[in-house]
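Visitor: Input file: my_file04.txt. Contents: compact mmCIF, C-alpha atoms and all ligand atoms.
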```txt
# COMPACT_ATOMS: atom_id res chain seq x y z
CA MET A 107 0.00 0.00 0.00
CA ASN A 108 1.22 3.52 -0.84
CA PHE A 109 0.33 6.51 1.35
CA LEU A 110 0.70 10.16 0.36
CA ALA A 111 1.31 12.44 3.38
CA ILE A 112 0.89 16.20 3.64
CA GLU A 113 2.52 18.56 6.19
CA THR A 114 1.59 22.26 6.28
CA SER A 115 1.50 22.99 10.02
CA CYS A 116 3.96 25.87 10.08
CA ASP A 117 6.43 27.25 7.55
CA GLU A 118 7.54 24.18 5.58
CA THR A 119 5.32 22.77 2.88
CA ALA A 120 6.10 19.05 2.73
CA THR A 121 4.84 15.91 1.03
CA ALA A 122 5.99 12.31 1.23
CA ILE A 123 5.07 8.91 -0.08
CA PHE A 124 5.68 5.80 2.02
CA THR A 125 4.48 2.23 1.98
CA ASP A 126 2.67 0.30 4.70
CA GLN A 127 6.05 -1.43 5.22
CA LEU A 128 7.39 2.01 6.27
CA GLN A 129 9.61 2.39 3.25
CA ILE A 130 10.02 6.07 2.22
CA LEU A 131 9.57 6.42 -1.57
CA ALA A 132 9.70 10.24 -1.63
CA ASN A 133 10.25 13.00 0.94
CA VAL A 134 9.98 16.55 -0.38
CA VAL A 135 10.20 19.79 1.63
CA ALA A 136 9.83 23.39 0.42
CA SER A 137 11.16 25.74 3.07
CA GLN A 138 9.70 29.23 3.37
CA THR A 139 12.74 30.70 5.14
CA GLU A 140 13.30 33.34 2.46
CA LEU A 141 9.70 34.59 2.85
CA HIS A 142 9.85 35.04 6.63
CA SER A 143 13.47 35.94 7.34
CA ARG A 144 13.08 39.70 6.98
CA PHE A 145 10.33 39.55 9.64
CA ARG A 146 12.61 37.46 11.93
CA GLY A 147 9.77 35.02 12.51
CA VAL A 148 6.96 33.16 10.77
CA VAL A 149 4.15 35.44 9.51
CA PRO A 150 1.03 33.24 9.57
CA GLU A 151 -0.75 34.72 6.55
CA ILE A 152 2.37 34.57 4.40
CA ALA A 153 2.88 30.94 5.49
CA ALA A 154 -0.69 29.94 4.59
CA ARG A 155 -0.55 31.60 1.16
CA ALA A 156 2.79 29.94 0.40
CA HIS A 157 1.31 26.52 1.29
CA LEU A 158 -1.59 27.24 -1.06
CA GLN A 159 0.79 28.05 -3.91
CA ARG A 160 3.23 25.22 -3.34
CA LEU A 161 1.24 22.23 -2.20
CA LEU A 162 0.03 20.88 -5.55
CA PRO A 163 3.47 21.16 -7.21
CA LEU A 164 4.91 19.37 -4.16
CA ILE A 165 2.39 16.54 -4.46
CA ASP A 166 3.36 16.22 -8.14
CA GLU A 167 7.03 16.22 -7.19
CA ALA A 168 6.56 13.44 -4.61
CA LEU A 169 4.65 11.31 -7.13
CA HIS A 170 7.35 11.97 -9.73
CA ARG A 171 10.17 10.97 -7.36
CA ALA A 172 8.31 7.83 -6.28
CA GLN A 173 7.53 7.09 -9.95
CA LEU A 174 3.85 6.72 -9.13
CA THR A 175 0.59 8.30 -10.26
CA LEU A 176 -2.42 9.31 -8.19
CA ALA A 177 -4.02 5.99 -9.12
CA ASP A 178 -1.23 4.18 -7.22
CA LEU A 179 -2.17 5.80 -3.89
CA HIS A 180 -4.09 3.71 -1.35
CA GLY A 181 -4.31 6.21 1.52
CA ILE A 182 -3.79 9.87 2.46
CA ALA A 183 -2.21 11.10 5.70
CA VAL A 184 -2.23 14.65 7.02
CA HIS A 185 -0.98 16.51 10.09
CA ASN A 186 -4.10 18.28 11.41
CA THR A 187 -2.72 19.39 14.81
CA PRO A 188 -1.00 21.35 16.35
CA GLY A 189 0.15 24.35 14.29
CA LEU A 190 -0.90 27.63 12.70
CA VAL A 191 -4.58 27.36 11.88
CA GLY A 192 -4.39 29.01 8.46
CA SER A 193 -1.50 26.75 7.47
CA LEU A 194 -3.14 23.57 8.79
CA LEU A 195 -6.36 24.35 6.91
CA ILE A 196 -4.55 24.27 3.56
CA GLY A 197 -3.13 20.78 4.13
CA VAL A 198 -6.27 19.38 5.73
CA SER A 199 -8.52 20.66 2.91
CA ALA A 200 -6.25 19.26 0.22
CA ALA A 201 -5.98 15.89 2.01
CA LYS A 202 -9.74 15.58 2.47
CA MET A 203 -10.44 16.36 -1.17
CA LEU A 204 -7.78 13.96 -2.43
CA ALA A 205 -9.11 11.14 -0.25
CA LEU A 206 -12.64 11.82 -1.44
CA ALA A 207 -11.70 12.05 -5.11
CA LEU A 208 -9.52 8.92 -5.04
CA ASP A 209 -11.93 7.08 -2.72
CA VAL A 210 -9.13 6.07 -0.35
CA PRO A 211 -8.94 6.29 3.47
CA LEU A 212 -7.78 9.48 5.19
CA VAL A 213 -5.72 9.34 8.39
CA ALA A 214 -5.12 12.40 10.59
CA VAL A 215 -1.90 12.53 12.58
CA ASN A 216 -0.57 14.69 15.43
CA HIS A 217 2.54 16.53 14.21
CA VAL A 218 4.33 16.25 17.57
CA ALA A 219 3.74 12.49 17.81
CA SER A 220 5.06 12.23 14.25
CA HIS A 221 8.31 13.91 15.30
CA LEU A 222 8.92 10.93 17.59
CA TYR A 223 7.77 8.46 14.95
CA ALA A 224 10.57 9.83 12.74
CA CYS A 225 12.87 7.80 15.02
CA ARG A 226 10.93 4.64 14.15
CA MET A 227 11.23 5.46 10.44
CA ALA A 228 14.97 6.06 10.70
CA ALA A 229 15.65 2.97 12.83
CA GLN A 230 13.57 0.66 10.62
CA ARG A 231 12.81 -1.42 13.69
CA ASP A 232 10.61 -1.16 16.74
CA ILE A 233 11.63 1.55 19.21
CA PHE A 234 8.75 1.21 21.70
CA PRO A 235 8.36 1.40 24.65
CA CYS A 236 10.54 4.48 24.99
CA LEU A 237 10.86 7.92 26.50
CA GLY A 238 10.21 10.61 23.89
CA LEU A 239 11.79 14.06 23.90
CA VAL A 240 10.30 16.53 21.41
CA VAL A 241 12.27 19.74 20.94
CA SER A 242 10.82 21.93 18.22
CA GLY A 243 9.91 25.55 17.55
CA GLY A 244 6.55 25.16 19.27
CA HIS A 245 7.08 22.32 21.75
CA THR A 246 9.48 21.07 24.35
CA ALA A 247 8.00 18.04 26.02
CA LEU A 248 8.69 14.57 27.40
CA PHE A 249 6.46 11.58 26.61
CA HIS A 250 6.08 8.14 28.08
CA CYS A 251 5.52 6.14 24.89
CA GLU A 252 4.09 2.66 25.48
CA SER A 253 3.65 2.25 21.74
CA ALA A 254 3.39 4.41 18.63
CA LEU A 255 -0.27 5.03 19.44
CA SER A 256 -0.06 5.38 23.19
CA MET A 257 2.01 8.36 24.22
CA LYS A 258 1.47 10.25 27.45
CA ARG A 259 2.97 13.66 27.96
CA ILE A 260 4.78 13.61 31.30
CA GLY A 261 6.74 16.84 31.00
CA ASN A 262 6.29 20.17 29.32
CA THR A 263 7.71 23.67 29.12
CA ARG A 264 6.21 26.34 31.37
CA ASP A 265 6.98 29.09 28.88
CA ASP A 266 9.04 29.10 25.69
CA ALA A 267 9.91 26.06 23.60
CA ALA A 268 13.63 25.36 23.13
CA GLY A 269 13.49 26.23 19.41
CA GLU A 270 11.63 29.44 20.20
CA ALA A 271 14.42 30.39 22.63
CA PHE A 272 17.01 29.72 19.90
CA ASP A 273 15.03 31.90 17.47
CA LYS A 274 14.62 34.77 19.97
CA VAL A 275 18.27 34.73 21.04
CA ALA A 276 19.33 34.65 17.38
CA ALA A 277 17.25 37.80 16.82
CA MET A 278 18.90 39.50 19.85
CA LEU A 279 22.33 38.59 18.48
CA ASN A 280 21.34 39.77 14.99
CA LEU A 281 22.01 36.29 13.58
CA GLY A 282 19.04 35.92 11.27
CA PHE A 283 16.20 33.41 10.91
CA PRO A 284 15.69 30.54 11.56
CA GLY A 285 17.67 31.02 14.71
CA GLY A 286 18.71 27.48 15.63
CA PRO A 287 21.17 26.77 12.83
CA ALA A 288 22.47 30.39 12.97
CA VAL A 289 23.16 30.19 16.72
CA GLU A 290 24.80 26.79 16.26
CA ARG A 291 27.16 28.15 13.58
CA GLU A 292 28.06 31.18 15.70
CA ALA A 293 28.53 29.03 18.84
CA ALA A 294 31.13 26.91 17.04
CA ARG A 295 33.74 29.65 17.48
CA GLY A 296 32.64 30.72 20.97
CA ASP A 297 33.44 29.73 24.56
CA PRO A 298 30.50 27.88 26.19
CA LYS A 299 31.82 28.87 29.65
CA ALA A 300 32.20 32.59 28.93
CA PHE A 301 28.80 33.50 30.45
CA ALA A 302 27.24 31.75 33.47
CA PHE A 303 23.62 31.58 32.25
CA PRO A 304 20.95 29.96 34.48
CA ARG A 305 19.90 26.30 34.11
CA SER A 306 16.27 26.89 35.15
CA MET A 307 14.30 24.05 36.77
CA LEU A 308 17.24 21.68 36.61
CA ALA A 309 17.48 21.23 40.37
CA ASP A 310 13.69 20.84 40.58
CA ASP A 311 12.01 17.41 40.81
CA ARG A 312 9.21 18.31 38.43
CA LEU A 313 9.55 17.31 34.80
CA GLU A 314 9.17 20.87 33.59
CA PHE A 315 11.33 23.01 31.36
CA SER A 316 11.69 26.78 31.43
CA PHE A 317 13.63 28.90 28.97
CA SER A 318 12.32 32.42 29.56
CA GLY A 319 14.77 33.14 32.43
CA LEU A 320 17.65 32.04 30.22
CA LYS A 321 16.42 34.26 27.40
CA THR A 322 16.17 37.23 29.80
CA ALA A 323 19.68 36.53 31.11
CA VAL A 324 21.00 36.74 27.54
CA ARG A 325 19.14 40.04 27.11
CA TYR A 326 20.74 41.44 30.29
CA ALA A 327 24.16 40.30 29.10
CA ILE A 328 23.60 42.29 25.89
CA HIS A 329 22.00 45.41 27.40
CA GLY A 330 23.57 45.68 30.83
CA GLN A 331 21.26 46.30 33.80
CA ASP A 332 18.97 48.81 32.09
CA LEU A 333 16.83 47.00 29.51
CA SER A 334 15.14 50.27 28.52
CA GLN A 335 18.39 51.52 27.02
CA PRO A 336 18.93 50.61 23.36
CA ALA A 337 21.89 48.32 22.89
CA GLU A 338 24.05 47.61 19.88
CA PRO A 339 23.83 43.90 19.00
CA PRO A 340 27.10 42.30 20.08
CA THR A 341 29.65 41.40 17.45
CA GLY A 342 32.91 39.45 17.09
CA GLN A 343 34.12 37.11 19.82
CA ARG A 344 31.59 38.43 22.35
CA ARG A 345 28.69 37.42 20.12
CA ALA A 346 30.19 33.96 19.58
CA ASP A 347 30.68 33.55 23.34
CA LEU A 348 27.07 34.59 24.03
CA ALA A 349 25.80 32.08 21.43
CA ALA A 350 27.99 29.26 22.78
CA SER A 351 27.08 29.93 26.42
CA PHE A 352 23.37 30.09 25.60
CA GLN A 353 23.49 26.88 23.56
CA GLN A 354 25.38 25.12 26.35
CA ALA A 355 22.70 26.13 28.87
CA VAL A 356 19.89 24.83 26.63
CA VAL A 357 21.73 21.55 26.07
CA GLU A 358 22.34 21.03 29.80
CA ILE A 359 18.71 21.77 30.65
CA LEU A 360 17.38 19.37 27.99
CA VAL A 361 19.83 16.59 28.80
CA GLY A 362 19.43 16.98 32.58
CA LYS A 363 15.63 16.83 32.50
CA THR A 364 15.68 13.92 30.09
CA ARG A 365 18.01 12.03 32.42
CA GLN A 366 15.60 12.66 35.31
CA ALA A 367 12.70 11.34 33.23
CA LEU A 368 14.65 8.22 32.20
CA ARG A 369 15.51 7.45 35.81
CA ARG A 370 11.96 8.08 36.98
CA THR A 371 10.22 6.00 34.31
CA GLY A 372 12.87 3.28 34.13
CA LEU A 373 12.57 3.33 30.32
CA ARG A 374 15.64 1.98 28.52
CA ARG A 375 15.17 3.69 25.16
CA LEU A 376 15.12 7.39 24.27
CA ALA A 377 13.61 8.78 21.05
CA VAL A 378 14.33 12.42 20.20
CA GLY A 379 12.58 14.52 17.56
CA GLY A 380 11.91 18.06 16.37
CA GLY A 381 14.03 20.75 14.74
CA VAL A 382 16.32 21.39 17.73
CA SER A 383 17.44 17.75 17.61
CA ALA A 384 19.38 18.76 14.48
CA ASN A 385 21.75 20.58 16.87
CA GLN A 386 25.08 18.77 17.00
CA ALA A 387 25.97 19.86 20.55
CA LEU A 388 22.65 18.44 21.78
CA ARG A 389 23.09 15.21 19.81
CA THR A 390 26.56 14.68 21.25
CA ALA A 391 25.49 15.46 24.83
CA LEU A 392 22.51 13.09 24.56
CA ALA A 393 24.77 10.36 23.18
CA VAL A 394 27.16 10.76 26.13
CA MET A 395 24.35 10.83 28.71
CA THR A 396 22.50 7.78 27.31
CA ALA A 397 25.74 5.79 27.05
CA LYS A 398 26.42 6.46 30.75
CA GLU A 399 22.85 5.54 31.70
CA GLY A 400 22.87 2.39 29.57
CA VAL A 401 19.96 3.69 27.48
CA GLU A 402 19.54 3.16 23.74
CA LEU A 403 19.34 6.46 21.83
CA PHE A 404 17.29 7.07 18.68
CA ILE A 405 17.75 10.39 16.83
CA PRO A 406 16.74 10.64 13.18
CA PRO A 407 19.05 12.02 10.48
CA MET A 408 18.72 15.77 9.77
CA SER A 409 16.15 15.31 6.98
CA LEU A 410 13.74 13.69 9.44
CA CYS A 411 14.49 16.02 12.42
CA THR A 412 13.05 19.24 11.03
CA ASP A 413 9.51 19.41 9.65
CA ASN A 414 8.73 16.84 6.97
CA ALA A 415 5.85 14.62 5.85
CA ALA A 416 7.64 11.24 5.94
CA MET A 417 7.32 11.18 9.74
CA ALA A 418 3.53 11.14 9.23
CA ALA A 419 3.98 7.42 8.52
CA LEU A 420 2.55 7.14 12.02
CA ALA A 421 -0.62 7.07 9.90
CA VAL A 422 0.19 3.47 8.94
CA GLU A 423 -0.11 2.46 12.61
CA LYS A 424 -3.42 4.29 12.92
CA PHE A 425 -4.70 2.78 9.68
CA ARG A 426 -3.88 -0.73 10.95
CA VAL A 427 -6.13 -0.28 13.97
CA GLY A 428 -8.89 1.33 11.90
CA ASP A 429 -8.38 4.82 13.32
CA LEU A 430 -9.48 6.79 10.23
CA ALA A 431 -10.31 10.51 10.07
CA PRO A 432 -14.00 11.46 10.16
CA ASP A 433 -15.58 13.28 7.22
CA ASP A 434 -15.79 16.44 9.32
CA LEU A 435 -12.09 16.37 10.26
CA ASP A 436 -10.99 19.81 11.42
CA ALA A 437 -7.68 21.61 11.85
CA GLU A 438 -6.81 21.90 15.56
CA PRO A 439 -4.22 24.64 16.12
CA ASN A 440 -3.86 23.98 19.83
CA TRP A 441 -2.95 20.96 21.79
CA LYS A 442 -6.19 20.76 23.72
CA ASP A 443 -5.35 19.12 27.02
CA THR A 444 -2.90 20.84 29.36
CA SER A 445 -3.27 18.38 32.24
CA ALA A 446 0.39 17.35 31.86
CA ARG A 447 1.23 20.48 33.84
CA HIS A 448 -0.50 18.86 36.78
CA GLY A 449 1.26 15.58 36.35
CA ASN A 450 -1.63 13.57 34.94
CA GLY A 451 -0.15 13.03 31.51
CA THR A 452 -1.82 13.72 28.20
CA PRO A 453 -2.66 10.98 25.74
CA VAL A 454 -1.65 12.01 22.21
O1 LIG B 501 10.39 20.78 14.23
P1 LIG B 501 10.60 22.07 13.55
O2 LIG B 501 11.22 22.04 12.17
O3 LIG B 501 9.27 22.89 13.45
C1 LIG B 501 8.33 22.90 14.48
O4 LIG B 501 7.55 21.92 14.60
O5 LIG B 501 8.37 23.89 15.26
O6 LIG B 501 11.50 22.96 14.52
C2 LIG B 501 11.88 24.26 14.18
C3 LIG B 501 12.78 24.80 15.27
C4 LIG B 501 13.14 26.27 15.07
O7 LIG B 501 12.91 26.97 16.27
C5 LIG B 501 14.61 26.21 14.73
O8 LIG B 501 15.33 27.37 15.13
C6 LIG B 501 15.07 24.97 15.47
O9 LIG B 501 14.00 24.05 15.32
N1 LIG B 501 16.30 24.40 14.92
C7 LIG B 501 17.45 24.31 15.60
C8 LIG B 501 18.40 23.78 14.70
N2 LIG B 501 17.78 23.55 13.50
C9 LIG B 501 16.48 23.93 13.66
N3 LIG B 501 17.76 24.63 16.87
C10 LIG B 501 19.03 24.45 17.26
N4 LIG B 501 20.02 23.97 16.45
C11 LIG B 501 19.75 23.62 15.17
N5 LIG B 501 20.71 23.13 14.38
ZN ZN B 502 7.74 20.23 13.82
```
Once more with this new file: its structure as C-alpha cells, please.
Ligand code: KG4
Ligand code: ZN
Guide:
Amino acid sequence: MNFLAIETSCDETATAIFTDQLQILANVVASQTELHSRFRGVVPEIAARAHLQRLLPLIDEALHRAQLTLADLHGIAVHNTPGLVGSLLIGVSAAKMLALALDVPLVAVNHVASHLYACRMAAQRDIFPCLGLVVSGGHTALFHCESALSMKRIGNTRDDAAGEAFDKVAAMLNLGFPGGPAVEREAARGDPKAFAFPRSMLADDRLEFSFSGLKTAVRYAIHGQDLSQPAEPPTGQRRADLAASFQQAVVEILVGKTRQALRRTGLRRLAVGGGVSANQALRTALAVMTAKEGVELFIPPMSLCTDNAAMAALAVEKFRVGDLAPDDLDAEPNWKDTSARHGNGTPV
C-alpha cells in the first residue's frame, strides 16, 4: 500500500510517499525561510498563502520521485494538529479532497507524535516502549511512549519552547532566521563557559522546562542592567561567546531533565525529535548521557528532524487499527489538554 502524506502545520510545505512497510519512496520539503526571514519570525498569513501556492506542485514532485501516479495511492495522511490554523487548513482541505476524489482512506496525525515516529522510520525497527523528547519551535515536552499510538505527555515547558528560545536569542544577536542553525554556527567559534547563564528548573524534581529566564539573562548580558536603554547587538568574539554559552545552557537543561525522566520512568530507550534535535551539541550530549545511563538512543538524520511529511507514517499504525479521520475532520491549532502540567499526563 502507498500513502501520500501532507505537512503544512507551520512554515515548511512538505509531502511524502511511504508504503505500509514504512519504506520512504519520496520525501519533499519546500522551506519558506526566504519569505519570513526579513520579519525574523513566521508570519502566519504569508505561510498559509505559500502553502496554497506550493502544495500541488509538491504533491506532483513526490509522485514523480516515487515514480507513481495518483491511481497508485491507497491512503492519504495529514498533520491536522497542532500548528498555525491558516496553514493547517490548507493541508487538511487538500488531504480531504484527495481522499474523497480517489476514494481512499484518510488518516489524521498529530505533528508532535510524528516527530517521535521519525525515530521509528529512521531505525527501521521497533523503538517502543521508549521515553520521547520533542524539541521543536513550538514544543518542548517529554512523553512516556508505550507504543506508537499510546504516548502520554509527562513533562512540558512552562513558557518558551527550546526552538523558540534559539530563534529569539538569534534575533537578539542579529544572527538571522531561523535562529537554531544560525546560533549553532556562531557558537562553534565561541566559549560555552564565557557567560554563566541559568539552568532553570534543573534542580527541581518536576519534569518541567523553562527557557524564559535564560532568554532574559542573555538580554541582560547584551543590554547591561537597564533594559530600557537601546543596545548595539554584540559582534565578534563576544557574540560567539554569548551564542555558545546560551546553547550550552539549553543543552544542559534538555539533557538533565531527560536524564531525570529516564531514571523516573525506568525506560531503557530514548527517542528524540523536532528541529532542535538537528543541533550537534545536543546530539553529542545526549549520546554521552544515554551511554552512561545504559539507554539506547534514537535520533533521526537531519532530513527527518526538522519538519517533513515522511514522519507522518505514524498514519500506517493508525490505519492498521482502523483509526481513520471522520468526514468532518478539522484543523486543531492547539494541543487541547494541558493536564500534563499537573502531572496527569496527556494521551496524544
Ligand atoms: O520541528 P521544527 O522544524 O518545526 C516545528 O515543529 O516547530 O523545529 C523548528 C525549530 C526552530 O525553532 C529552529 O530554530 C530549530 O527548530 N532548529 C534548531 C536547529 N535547527 C532547527 N535549533 C538548534 N540547532 C539547530 N541546528
Ligand atoms: Zn515540527
Visitor: Residues at most 7 Å from ligand ZN 502 (chain B), using only C-alpha atoms and all ligand atoms? Could they come as a ChimeraX atom specification?
Guide: /A:217-218,221,242-243,380-381,412-413
Visitor: Using only C-alpha atoms and all ligand atoms, what are the residues with an atom within 8 Å of ligand LIG 501 (chain B), set out as a ChimeraX atom specification?
Guide: /A:115-118,189,217-218,221,241-245,267-273,283-290,379-386,411-414
Visitor: Any idea what the distance is between atom CA of A:Gly192 and atom CA of A:Gln138?
Guide: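 Atom-to-atom, atom CA of A:Gly192 to atom CA of A:Gln138, that is 15.0 Å.
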Visitor: My list of candidates is A:Leu348, A:Ala183, A:Ala377, A:Ala416. Which is closest to A:Leu403 when distances are computed with only C-alpha atoms?
Guide: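 Under the stated criterion, the closest residue is A:Ala377.
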Visitor: Calculate how many Å separate atom CA of A:Ile182 from atom CA of A:Phe425, rounding to one decimal.
Guide: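 The value is 10.2 Å.
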Visitor: Just the residues within 8 Å of A:Pro298, please, counting all atoms listed in the file, with nothing from its chain fewer than 4 positions along; format it as a PyMOL selection string.
Guide: chain A and resi 293+347-354
Visitor: Please measure the separation of atom CA of A:Leu195 and atom CA of A:Val149, giving the value in Å to one decimal.
Guide: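 Going from atom CA of A:Leu195 over to atom CA of A:Val149 covers 15.5 Å.
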Visitor: I need the residue nearest A:Gly342 from this list: A:Asn280, A:Ser256, A:Gln366, A:Gln127. Use all atoms listed in the file for the distance.
Guide: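 Ranked by minimum distance to A:Gly342, first place goes to A:Asn280.
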Visitor: Pick out the residues sitting within 8 Å of stretch 317-323 of chain A, and hand them over as a list in words; count all atoms listed in the file, and ignore anything fewer than 2 positions along from it in its own chain.
Guide: Thr263, Asp265, Asp266, Ala267, Ala268, Ala271, Lys274, Val275, Phe303, Pro304, Arg305, Ser306, Phe315, Arg325, Tyr326, Ala327, Phe352, Ala355 and Val356 of chain A
Visitor: Between A:Arg264, A:His180, A:Arg155, A:Arg226, which residue has the minimum interatomic distance to A:Leu420, considering all atoms listed in the file?
Guide: A:Arg226
Visitor: Just checking: using all atoms listed in the file, which residue out of A:Cys225, A:Met395, A:Ile328, A:Ala153 ends up closest to A:Thr341?
Guide: A:Ile328
Visitor: Using all atoms listed in the file, give me every residue within 10 Å of (-5.9, 27.8, 8.3) in file coordinates, as a PyMOL selection string.
Guide: chain A and resi 114-115+150-151+153-155+189-199+436-439
Visitor: Restricting the calculation to all atoms listed in the file: of A:Met307, A:Leu360, A:Leu333, A:Val427, which residue gets closest to A:Val240?
Guide: A:Leu360
